[in-house]
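A short write-up of the structure that comes next.
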Amino acid sequence: MKICFIMSTPFTQGGEQRVVSVISNILTQKNNEVFILCVDKKTMINYEMYKLNKKVNIIVLSEKGIFEKMKSLFLKIIRKIGRITNFSVLKNIQIEKCQIIRTINDNNFEVVIGVAGYYSVLLASIKNKINSKVIGWQHNSFDAYFRNENRYYWKLDNMFIKSIPKLDKYIVLTKSDKEKFKKEFNVDTTVIYNPKSFNSNEISRLDNNIFLAAGRYTYAKGFDMLIDAFKIFAKKNEEWRLIIVGEGEEKDKLQQMILKYSMENRITLEPFTNNIKRYMLNASALLISSRWEGMPMVVLEAMEMGLPVIGYNIPVLNEIIENEKEGMIIEKNNVEEYAQVLIHFSQDDVLRKKLSKNIKIKSENFSHEKIGQNWEDLLTKVCNKK
């Protein structure tokens, strides 16, 4: 099967980029011919970043492309007035669309997959001009996309309601999102979980007093709330440390919080790594403080490492982590409760070992074999669709 993913670029930091690399590798190993069409003309190809198989073909759109530059402005205009009146923006986007259409048709892909909301809508808009089947693939939660004021696709419900039915399939990451699309948009979707990114014969021994968090330093990840929770925890505990791994625009803000609370010896910000496994081996729990998430790869990786997960009750964690069986689930954005759960967890060796054993077993639900077969079945079904 000749498969193409279309996205900005897979070679920047982020869960979306990592999962595209993992799925591309899985599909390549199943003897498919896989391409990634990068719309960002500044794409710097780096197969090592997420260990992307070199058999995956990378196509970077023409240097003349301006699609990524115009995308943000286009969405702002649509969100504000409900229609496009800036015809220079529209003209530039139409030029870029023509490049994308030509690239897809010249390569005779059997199926093209739009990575995240914008490229899903894009494929719906050009479906009648290309010779490929088209799939949309959502990379965050329904609430993050549509109920998150002035972010993502706020006030753009109708654009998706009209676009998704034009696609051959639209993939969401959780059963919760499937139910919301049906209830609120009357649109049918398909659930495919993300896979864990690696298999490991080693698991954490849970013998270090270290909490680990990882992800981009952004508002969505809620690391500001996590530092607040750890500050409360640290008043009752002098041994445990917090390591937060990542990069992003809120790094200075987080560092200033650490300095303000005089927590430099207890909280450490570490740079982005493509080897999160080594941090997980030395930690005793993964902390998720996100305000919203799609299907965080770091949680699936923690499962593989037998690392208990502690996080807020966002839909995806409620779906894949059972409270007090594989992890600890806390009322959303309740910093005080988060601190109390950290205290309880740090004092209970028996609880930690129980959670570790159960979460390792649960990780098999997200194996390459299982998720890869889900993808193969879906792609075969779509390509055979008349």
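In the structure tokens, chains take letters A, B, ... by order of appearance, with residues numbered from 1 within each chain and ligands from 1 in the order shown.
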#### Entry: Those of range 184-330 of chain A in DSSP strand (DSSP E), formatted as an MDAnalysis selection string
chainID A and resid 190:191 210:214 241:245 267:270 285:288 309:312 327:330
Just to be explicit: take each residue in the selection above, keep N, CA, C and O atoms, and write the result as an mmCIF file, in the first residue's frame.
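Okay, selection-v9.cif is ready:
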data_model
loop_
_atom_site.group_PDB
_atom_site.id
_atom_site.type_symbol
_atom_site.label_atom_id
_atom_site.label_comp_id
_atom_site.auth_asym_id
_atom_site.auth_seq_id
_atom_site.Cartn_x
_atom_site.Cartn_y
_atom_site.Cartn_z
ATOM 1 N N THR A 190 -13.749 6.980 14.074
ATOM 2 C CA THR A 190 -13.131 5.687 14.375
ATOM 3 C C THR A 190 -12.067 5.882 15.448
ATOM 4 O O THR A 190 -11.248 6.804 15.346
ATOM 5 N N VAL A 191 -12.060 5.029 16.464
ATOM 6 C CA VAL A 191 -11.077 5.135 17.540
ATOM 7 C C VAL A 191 -9.876 4.241 17.245
ATOM 8 O O VAL A 191 -10.034 3.041 17.012
ATOM 9 N N ILE A 210 12.127 9.924 43.194
ATOM 10 C CA ILE A 210 12.054 10.871 42.077
ATOM 11 C C ILE A 210 10.688 10.781 41.406
ATOM 12 O O ILE A 210 10.251 9.699 41.007
ATOM 13 N N PHE A 211 10.036 11.920 41.293
ATOM 14 C CA PHE A 211 8.860 12.068 40.440
ATOM 15 C C PHE A 211 9.338 12.617 39.099
ATOM 16 O O PHE A 211 10.174 13.524 39.055
ATOM 17 N N LEU A 212 8.787 12.093 38.019
ATOM 18 C CA LEU A 212 9.161 12.535 36.675
ATOM 19 C C LEU A 212 7.957 13.133 35.973
ATOM 20 O O LEU A 212 6.835 12.610 36.063
ATOM 21 N N ALA A 213 8.164 14.226 35.258
ATOM 22 C CA ALA A 213 7.173 14.779 34.341
ATOM 23 C C ALA A 213 7.901 15.091 33.035
ATOM 24 O O ALA A 213 9.108 15.356 33.040
ATOM 25 N N ALA A 214 7.182 15.063 31.924
ATOM 26 C CA ALA A 214 7.833 15.305 30.637
ATOM 27 C C ALA A 214 6.839 15.852 29.626
ATOM 28 O O ALA A 214 5.665 15.468 29.630
ATOM 29 N N ARG A 241 12.337 14.309 44.922
ATOM 30 C CA ARG A 241 12.637 15.376 43.977
ATOM 31 C C ARG A 241 11.692 15.266 42.778
ATOM 32 O O ARG A 241 11.107 14.207 42.526
ATOM 33 N N LEU A 242 11.590 16.357 42.034
ATOM 34 C CA LEU A 242 10.797 16.410 40.811
ATOM 35 C C LEU A 242 11.700 16.798 39.654
ATOM 36 O O LEU A 242 12.405 17.810 39.717
ATOM 37 N N ILE A 243 11.687 15.976 38.594
ATOM 38 C CA ILE A 243 12.427 16.283 37.363
ATOM 39 C C ILE A 243 11.408 16.478 36.247
ATOM 40 O O ILE A 243 10.538 15.624 36.033
ATOM 41 N N ILE A 244 11.489 17.608 35.564
ATOM 42 C CA ILE A 244 10.605 17.896 34.430
ATOM 43 C C ILE A 244 11.457 17.989 33.174
ATOM 44 O O ILE A 244 12.350 18.837 33.076
ATOM 45 N N VAL A 245 11.190 17.115 32.212
ATOM 46 C CA VAL A 245 11.992 17.028 30.984
ATOM 47 C C VAL A 245 11.228 17.659 29.828
ATOM 48 O O VAL A 245 10.070 17.306 29.574
ATOM 49 N N ILE A 267 13.516 20.709 42.512
ATOM 50 C CA ILE A 267 12.891 20.644 41.193
ATOM 51 C C ILE A 267 13.930 20.989 40.126
ATOM 52 O O ILE A 267 14.592 22.029 40.213
ATOM 53 N N THR A 268 14.053 20.123 39.122
ATOM 54 C CA THR A 268 15.031 20.332 38.055
ATOM 55 C C THR A 268 14.330 20.320 36.703
ATOM 56 O O THR A 268 13.517 19.430 36.429
ATOM 57 N N LEU A 269 14.648 21.299 35.854
ATOM 58 C CA LEU A 269 14.201 21.302 34.463
ATOM 59 C C LEU A 269 15.313 20.733 33.600
ATOM 60 O O LEU A 269 16.429 21.265 33.584
ATOM 61 N N GLU A 270 15.012 19.646 32.917
ATOM 62 C CA GLU A 270 15.991 18.992 32.051
ATOM 63 C C GLU A 270 15.611 19.212 30.592
ATOM 64 O O GLU A 270 14.429 19.318 30.262
ATOM 65 N N ALA A 285 7.468 7.452 39.661
ATOM 66 C CA ALA A 285 6.126 7.773 39.177
ATOM 67 C C ALA A 285 6.235 8.804 38.069
ATOM 68 O O ALA A 285 7.149 9.637 38.061
ATOM 69 N N LEU A 286 5.287 8.744 37.130
ATOM 70 C CA LEU A 286 5.150 9.788 36.117
ATOM 71 C C LEU A 286 4.002 10.691 36.531
ATOM 72 O O LEU A 286 2.889 10.215 36.804
ATOM 73 N N LEU A 287 4.245 11.993 36.555
ATOM 74 C CA LEU A 287 3.222 12.956 36.928
ATOM 75 C C LEU A 287 2.678 13.650 35.687
ATOM 76 O O LEU A 287 3.440 14.184 34.884
ATOM 77 N N ILE A 288 1.354 13.627 35.529
ATOM 78 C CA ILE A 288 0.672 14.309 34.432
ATOM 79 C C ILE A 288 -0.171 15.430 35.033
ATOM 80 O O ILE A 288 -1.069 15.166 35.843
ATOM 81 N N VAL A 309 1.287 6.119 37.084
ATOM 82 C CA VAL A 309 0.937 7.440 36.557
ATOM 83 C C VAL A 309 0.014 8.146 37.547
ATOM 84 O O VAL A 309 -0.972 7.566 38.013
ATOM 85 N N ILE A 310 0.342 9.384 37.860
ATOM 86 C CA ILE A 310 -0.490 10.220 38.715
ATOM 87 C C ILE A 310 -0.901 11.442 37.896
ATOM 88 O O ILE A 310 -0.038 12.151 37.365
ATOM 89 N N GLY A 311 -2.210 11.685 37.767
ATOM 90 C CA GLY A 311 -2.620 12.803 36.934
ATOM 91 C C GLY A 311 -4.049 13.234 37.178
ATOM 92 O O GLY A 311 -4.820 12.574 37.885
ATOM 93 N N TYR A 312 -4.403 14.376 36.590
ATOM 94 C CA TYR A 312 -5.759 14.906 36.693
ATOM 95 C C TYR A 312 -6.732 14.076 35.865
ATOM 96 O O TYR A 312 -6.336 13.398 34.905
ATOM 97 N N GLY A 327 -2.725 3.643 38.585
ATOM 98 C CA GLY A 327 -2.236 4.985 38.877
ATOM 99 C C GLY A 327 -3.185 5.683 39.831
ATOM 100 O O GLY A 327 -4.066 5.056 40.426
ATOM 101 N N MET A 328 -3.010 6.979 39.961
ATOM 102 C CA MET A 328 -3.842 7.787 40.856
ATOM 103 C C MET A 328 -4.446 8.919 40.035
ATOM 104 O O MET A 328 -3.725 9.680 39.370
ATOM 105 N N ILE A 329 -5.774 9.038 40.072
ATOM 106 C CA ILE A 329 -6.491 10.056 39.315
ATOM 107 C C ILE A 329 -7.055 11.096 40.285
ATOM 108 O O ILE A 329 -7.697 10.754 41.281
ATOM 109 N N ILE A 330 -6.837 12.377 39.951
ATOM 110 C CA ILE A 330 -7.127 13.488 40.858
ATOM 111 C C ILE A 330 -8.129 14.427 40.206
ATOM 112 O O ILE A 330 -8.141 14.586 38.988
#
#### Entry: Spatial neighbours of range 173-179 of chain A, 7 Å, only C-alpha atoms, chain gap at least 6 places, as a VMD selection string
chain A and resid 141 to 142 189 to 194 294 to 295 315 to 316
Would you mind exporting all heavy atoms of the selected residues as a CSV table (one decimal), in the first residue's frame?
chain,number,residue,atom,x,y,z
A,141,SER,N,-7.8,16.1,22.2
A,141,SER,CA,-9.1,15.8,22.6
A,141,SER,C,-10.2,16.7,22.0
A,141,SER,O,-9.9,17.8,21.5
A,141,SER,CB,-9.3,15.8,24.1
A,141,SER,OG,-9.2,17.2,24.5
A,142,PHE,N,-11.4,16.2,21.9
A,142,PHE,CA,-12.5,17.0,21.5
A,142,PHE,C,-12.6,18.3,22.2
A,142,PHE,O,-12.8,19.4,21.6
A,142,PHE,CB,-13.9,16.2,21.6
A,142,PHE,CG,-15.1,16.9,21.1
A,142,PHE,CD1,-15.6,16.7,19.8
A,142,PHE,CD2,-15.8,17.8,22.0
A,142,PHE,CE1,-16.7,17.4,19.4
A,142,PHE,CE2,-16.9,18.5,21.5
A,142,PHE,CZ,-17.4,18.3,20.2
A,189,THR,N,-17.0,8.6,13.9
A,189,THR,CA,-15.5,8.6,13.9
A,189,THR,C,-15.0,7.2,14.2
A,189,THR,O,-15.8,6.3,14.7
A,189,THR,CB,-14.9,9.6,14.9
A,189,THR,OG1,-15.4,9.3,16.2
A,189,THR,CG2,-15.3,11.0,14.5
A,190,THR,N,-13.7,7.0,14.1
A,190,THR,CA,-13.1,5.7,14.4
A,190,THR,C,-12.1,5.9,15.4
A,190,THR,O,-11.2,6.8,15.3
A,190,THR,CB,-12.5,5.1,13.1
A,190,THR,OG1,-13.5,4.9,12.1
A,190,THR,CG2,-11.8,3.8,13.4
A,191,VAL,N,-12.1,5.0,16.5
A,191,VAL,CA,-11.1,5.1,17.5
A,191,VAL,C,-9.9,4.2,17.2
A,191,VAL,O,-10.0,3.0,17.0
A,191,VAL,CB,-11.7,4.7,18.9
A,191,VAL,CG1,-10.6,4.8,20.0
A,191,VAL,CG2,-12.9,5.6,19.2
A,192,ILE,N,-8.7,4.8,17.2
A,192,ILE,CA,-7.4,4.1,17.3
A,192,ILE,C,-6.5,4.7,18.3
A,192,ILE,O,-6.2,5.9,18.2
A,192,ILE,CB,-6.7,4.0,15.9
A,192,ILE,CG1,-7.6,3.4,14.8
A,192,ILE,CG2,-5.4,3.2,16.0
A,192,ILE,CD1,-6.9,3.2,13.5
A,193,TYR,N,-6.2,3.9,19.3
A,193,TYR,CA,-5.3,4.5,20.3
A,193,TYR,C,-3.9,4.7,19.7
A,193,TYR,O,-3.5,4.0,18.8
A,193,TYR,CB,-5.2,3.5,21.5
A,193,TYR,CG,-6.4,3.4,22.4
A,193,TYR,CD1,-6.7,2.2,22.9
A,193,TYR,CD2,-7.1,4.5,22.7
A,193,TYR,CE1,-7.8,2.1,23.8
A,193,TYR,CE2,-8.3,4.4,23.5
A,193,TYR,CZ,-8.6,3.2,24.0
A,193,TYR,OH,-9.7,3.1,24.9
A,194,ASN,N,-3.1,5.6,20.3
A,194,ASN,CA,-1.7,5.7,20.0
A,194,ASN,C,-1.0,4.5,20.5
A,194,ASN,O,-1.4,3.9,21.6
A,194,ASN,CB,-1.1,6.9,20.6
A,194,ASN,CG,-1.5,8.2,19.8
A,194,ASN,OD1,-1.9,8.1,18.6
A,194,ASN,ND2,-1.3,9.3,20.4
A,294,GLY,N,-4.5,14.7,24.2
A,294,GLY,CA,-5.1,13.8,23.3
A,294,GLY,C,-4.9,12.4,23.8
A,294,GLY,O,-5.7,11.7,24.5
A,295,MET,N,-3.7,11.8,23.4
A,295,MET,CA,-3.3,10.5,23.9
A,295,MET,C,-1.8,10.6,24.1
A,295,MET,O,-1.0,10.3,23.3
A,295,MET,CB,-3.6,9.4,22.9
A,295,MET,CG,-3.1,8.0,23.2
A,295,MET,SD,-3.8,7.2,24.7
A,295,MET,CE,-5.5,6.8,24.1
A,315,PRO,N,-10.2,13.3,30.2
A,315,PRO,CA,-10.9,12.1,29.7
A,315,PRO,C,-9.9,11.0,29.3
A,315,PRO,O,-10.2,9.8,29.6
A,315,PRO,CB,-11.6,12.7,28.4
A,315,PRO,CG,-11.9,14.1,28.8
A,315,PRO,CD,-10.7,14.6,29.6
A,316,VAL,N,-8.8,11.3,28.7
A,316,VAL,CA,-7.9,10.2,28.2
A,316,VAL,C,-7.4,9.4,29.4
A,316,VAL,O,-7.3,8.2,29.3
A,316,VAL,CB,-6.8,10.7,27.3
A,316,VAL,CG1,-5.9,11.7,28.1
A,316,VAL,CG2,-6.0,9.6,26.7
#### Entry: Surrounding residues of Glu331 in chain A excluding itself and chain neighbours under 3 positions, 12 Å, only C-alpha atoms, as a count of residues only
21
### Task
Write out as a list of chain:residue names the residues lying within 12 Å of Asn384 in chain A, counting only C-alpha atoms and excluding same-chain residues fewer than 2 positions away.
A:Met1, A:Glu110, A:Val111, A:Ser132, A:Lys133, A:Asp168, A:Asp377, A:Leu378, A:Leu379, A:Thr380, A:Lys381, A:Val382, A:Lys386
How would the residues just chosen look if you wrote them out with all heavy atoms as a compact mmCIF listing (two decimals), in the first residue's frame?
# COMPACT_ATOMS: atom_id res chain seq x y z
N MET A 1 0.84 -1.18 0.00
CA MET A 1 0.00 0.00 0.00
C MET A 1 0.89 1.24 0.00
O MET A 1 1.90 1.30 0.72
CB MET A 1 -0.90 -0.02 1.24
CG MET A 1 -2.17 0.79 1.11
SD MET A 1 -3.21 0.66 2.60
CE MET A 1 -3.40 -1.13 2.77
N GLU A 110 -2.20 5.76 -2.57
CA GLU A 110 -3.51 5.10 -2.42
C GLU A 110 -4.34 5.78 -1.35
O GLU A 110 -5.56 5.87 -1.45
CB GLU A 110 -3.31 3.63 -2.08
CG GLU A 110 -2.71 2.82 -3.23
CD GLU A 110 -2.38 1.40 -2.80
OE1 GLU A 110 -3.34 0.63 -2.56
OE2 GLU A 110 -1.18 1.07 -2.71
N VAL A 111 -3.66 6.25 -0.31
CA VAL A 111 -4.38 6.91 0.79
C VAL A 111 -3.49 8.00 1.37
O VAL A 111 -2.28 7.84 1.50
CB VAL A 111 -4.79 5.89 1.88
CG1 VAL A 111 -3.59 5.17 2.46
CG2 VAL A 111 -5.60 6.56 2.98
N SER A 132 -6.63 9.98 -4.43
CA SER A 132 -6.37 9.13 -3.27
C SER A 132 -7.58 9.11 -2.33
O SER A 132 -8.37 10.03 -2.30
CB SER A 132 -5.15 9.66 -2.50
OG SER A 132 -4.06 9.92 -3.34
N LYS A 133 -7.66 8.04 -1.54
CA LYS A 133 -8.57 8.03 -0.41
C LYS A 133 -8.00 8.97 0.66
O LYS A 133 -6.77 9.17 0.72
CB LYS A 133 -8.72 6.62 0.16
CG LYS A 133 -9.26 5.60 -0.83
CD LYS A 133 -10.69 5.87 -1.20
CE LYS A 133 -11.26 4.76 -2.08
NZ LYS A 133 -12.65 5.01 -2.45
N ASP A 168 -12.95 9.83 4.00
CA ASP A 168 -13.29 8.40 3.99
C ASP A 168 -13.32 7.84 5.41
O ASP A 168 -14.09 6.92 5.69
CB ASP A 168 -12.28 7.64 3.13
CG ASP A 168 -12.42 8.01 1.66
OD1 ASP A 168 -13.47 7.70 1.07
OD2 ASP A 168 -11.49 8.64 1.12
N ASP A 377 -6.01 -2.73 9.27
CA ASP A 377 -7.42 -3.05 8.99
C ASP A 377 -8.17 -1.84 8.45
O ASP A 377 -8.94 -1.95 7.49
CB ASP A 377 -8.11 -3.56 10.27
CG ASP A 377 -7.58 -4.91 10.72
OD1 ASP A 377 -6.90 -5.60 9.92
OD2 ASP A 377 -7.84 -5.29 11.88
N LEU A 378 -7.94 -0.68 9.07
CA LEU A 378 -8.63 0.53 8.64
C LEU A 378 -8.19 0.93 7.23
O LEU A 378 -9.04 1.24 6.37
CB LEU A 378 -8.33 1.68 9.61
CG LEU A 378 -8.98 3.01 9.24
CD1 LEU A 378 -10.47 2.97 9.43
CD2 LEU A 378 -8.37 4.17 10.04
N LEU A 379 -6.89 0.90 6.96
CA LEU A 379 -6.39 1.32 5.66
C LEU A 379 -6.87 0.39 4.56
O LEU A 379 -7.25 0.83 3.46
CB LEU A 379 -4.84 1.38 5.68
CG LEU A 379 -4.26 2.47 6.56
CD1 LEU A 379 -2.75 2.28 6.70
CD2 LEU A 379 -4.53 3.85 5.99
N THR A 380 -6.90 -0.89 4.85
CA THR A 380 -7.39 -1.87 3.87
C THR A 380 -8.86 -1.61 3.57
O THR A 380 -9.30 -1.63 2.40
CB THR A 380 -7.19 -3.30 4.40
OG1 THR A 380 -5.79 -3.53 4.62
CG2 THR A 380 -7.72 -4.32 3.39
N LYS A 381 -9.63 -1.37 4.61
CA LYS A 381 -11.05 -1.10 4.45
C LYS A 381 -11.29 0.15 3.62
O LYS A 381 -12.14 0.18 2.71
CB LYS A 381 -11.72 -0.97 5.82
CG LYS A 381 -13.22 -0.77 5.78
CD LYS A 381 -13.80 -0.73 7.19
CE LYS A 381 -15.31 -0.55 7.17
NZ LYS A 381 -15.86 -0.52 8.55
N VAL A 382 -10.53 1.20 3.90
CA VAL A 382 -10.68 2.46 3.18
C VAL A 382 -10.29 2.31 1.71
O VAL A 382 -10.99 2.79 0.81
CB VAL A 382 -9.86 3.57 3.85
CG1 VAL A 382 -9.71 4.79 2.94
CG2 VAL A 382 -10.49 3.99 5.18
N LYS A 386 -15.58 1.46 -2.27
CA LYS A 386 -15.98 1.88 -3.62
C LYS A 386 -16.45 3.33 -3.61
O LYS A 386 -17.06 3.79 -2.67
CB LYS A 386 -17.09 0.99 -4.15
CG LYS A 386 -16.67 -0.49 -4.25
CD LYS A 386 -15.53 -0.69 -5.21
CE LYS A 386 -15.18 -2.16 -5.35
NZ LYS A 386 -14.02 -2.39 -6.23
### Task
Check the DSSP output for the backbone and give back, as JSON, numbers by chain, the residues of range 153-321 of chain A in alpha helix (DSSP H).
{"A": [157, 158, 159, 160, 161, 162, 163, 175, 176, 177, 178, 179, 180, 223, 224, 225, 226, 227, 228, 229, 230, 231, 232, 233, 234, 251, 252, 253, 254, 255, 256, 257, 258, 259, 260, 276, 277, 278, 279, 280, 281, 297, 298, 299, 300, 301, 302, 303, 304, 315, 316, 317, 318, 319, 320]}
Take the residues just selected and output them with C-alpha atoms as a PDB file, in the first residue's frame.
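Generated file (result.pdb):
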ATOM      1  CA  ASP A 157     -17.416  23.594  14.938  1.00  0.00           C
ATOM      2  CA  ASN A 158     -19.273  24.063  11.636  1.00  0.00           C
ATOM      3  CA  MET A 159     -16.091  23.781   9.602  1.00  0.00           C
ATOM      4  CA  PHE A 160     -15.532  20.290  11.042  1.00  0.00           C
ATOM      5  CA  ILE A 161     -19.191  19.283  10.899  1.00  0.00           C
ATOM      6  CA  LYS A 162     -19.140  19.985   7.164  1.00  0.00           C
ATOM      7  CA  SER A 163     -15.645  18.591   6.506  1.00  0.00           C
ATOM      8  CA  LYS A 175     -13.869   6.397  23.025  1.00  0.00           C
ATOM      9  CA  SER A 176     -14.813   9.551  24.913  1.00  0.00           C
ATOM     10  CA  ASP A 177     -14.063  11.676  21.852  1.00  0.00           C
ATOM     11  CA  LYS A 178     -15.993   9.316  19.587  1.00  0.00           C
ATOM     12  CA  GLU A 179     -19.039   9.727  21.832  1.00  0.00           C
ATOM     13  CA  LYS A 180     -18.706  13.535  21.863  1.00  0.00           C
ATOM     14  CA  PHE A 223       3.615  22.348  34.793  1.00  0.00           C
ATOM     15  CA  ASP A 224       2.885  25.580  36.661  1.00  0.00           C
ATOM     16  CA  MET A 225       0.187  23.741  38.642  1.00  0.00           C
ATOM     17  CA  LEU A 226       2.559  20.815  39.154  1.00  0.00           C
ATOM     18  CA  ILE A 227       5.223  23.055  40.681  1.00  0.00           C
ATOM     19  CA  ASP A 228       2.562  24.543  42.966  1.00  0.00           C
ATOM     20  CA  ALA A 229       1.488  21.057  44.032  1.00  0.00           C
ATOM     21  CA  PHE A 230       5.070  19.951  44.639  1.00  0.00           C
ATOM     22  CA  LYS A 231       5.699  23.055  46.734  1.00  0.00           C
ATOM     23  CA  ILE A 232       2.862  21.977  49.071  1.00  0.00           C
ATOM     24  CA  PHE A 233       4.125  18.377  49.041  1.00  0.00           C
ATOM     25  CA  ALA A 234       7.688  19.486  49.889  1.00  0.00           C
ATOM     26  CA  LYS A 251      10.614  27.485  30.417  1.00  0.00           C
ATOM     27  CA  ASP A 252      11.605  30.881  31.858  1.00  0.00           C
ATOM     28  CA  LYS A 253       8.282  31.173  33.679  1.00  0.00           C
ATOM     29  CA  LEU A 254       8.724  27.749  35.260  1.00  0.00           C
ATOM     30  CA  GLN A 255      12.327  28.486  36.210  1.00  0.00           C
ATOM     31  CA  GLN A 256      11.229  31.717  37.869  1.00  0.00           C
ATOM     32  CA  MET A 257       8.584  29.822  39.867  1.00  0.00           C
ATOM     33  CA  ILE A 258      11.245  27.381  41.070  1.00  0.00           C
ATOM     34  CA  LEU A 259      13.512  30.252  42.153  1.00  0.00           C
ATOM     35  CA  LYS A 260      10.625  32.116  43.822  1.00  0.00           C
ATOM     36  CA  ILE A 276      13.046   9.276  27.942  1.00  0.00           C
ATOM     37  CA  LYS A 277      13.516   5.635  28.957  1.00  0.00           C
ATOM     38  CA  ARG A 278      16.624   6.419  31.020  1.00  0.00           C
ATOM     39  CA  TYR A 279      14.718   8.986  33.064  1.00  0.00           C
ATOM     40  CA  MET A 280      11.862   6.550  33.600  1.00  0.00           C
ATOM     41  CA  LEU A 281      14.194   3.823  34.847  1.00  0.00           C
ATOM     42  CA  MET A 297       2.863   9.160  24.333  1.00  0.00           C
ATOM     43  CA  VAL A 298       4.743   9.684  27.598  1.00  0.00           C
ATOM     44  CA  VAL A 299       1.946   7.911  29.503  1.00  0.00           C
ATOM     45  CA  LEU A 300       2.145   4.888  27.186  1.00  0.00           C
ATOM     46  CA  GLU A 301       5.911   4.824  27.622  1.00  0.00           C
ATOM     47  CA  ALA A 302       5.519   4.978  31.408  1.00  0.00           C
ATOM     48  CA  MET A 303       3.187   1.981  31.195  1.00  0.00           C
ATOM     49  CA  GLU A 304       5.849   0.018  29.336  1.00  0.00           C
ATOM     50  CA  PRO A 315     -10.865  12.137  29.651  1.00  0.00           C
ATOM     51  CA  VAL A 316      -7.920  10.208  28.232  1.00  0.00           C
ATOM     52  CA  LEU A 317      -6.491   9.319  31.661  1.00  0.00           C
ATOM     53  CA  ASN A 318      -9.921   8.273  32.900  1.00  0.00           C
ATOM     54  CA  GLU A 319     -10.137   5.944  29.916  1.00  0.00           C
ATOM     55  CA  ILE A 320      -6.742   4.242  30.094  1.00  0.00           C
TER      56      ILE A 320
END
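Closest to Trp240 in chain A among A:Phe345, A:Tyr261, A:Leu307, A:Phe181 is A:Phe345, based on only C-alpha atoms.
Our summary of the geometry notes that CA of Tyr152 in chain A is positioned 22.4 Å from CA of Val112 in chain A.
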### Message
Using only C-alpha atoms for the distances, tell me which of A:Asn274, A:Gln373, A:Asn199, A:Ser125 is nearest to Ile164 in chain A.
### Response
A:Ser125
### Task
Just the residues within 6 Å of range 202-207 of chain A, please, counting only C-alpha atoms, with nothing from its chain fewer than 6 positions along; format it as a PyMOL selection string.
chain A and resi 281+284+305-306
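Closest approach to Glu250 in chain A among A:Lys2, A:Lys325, A:Lys182, A:Arg216: A:Arg216, based on only C-alpha atoms.
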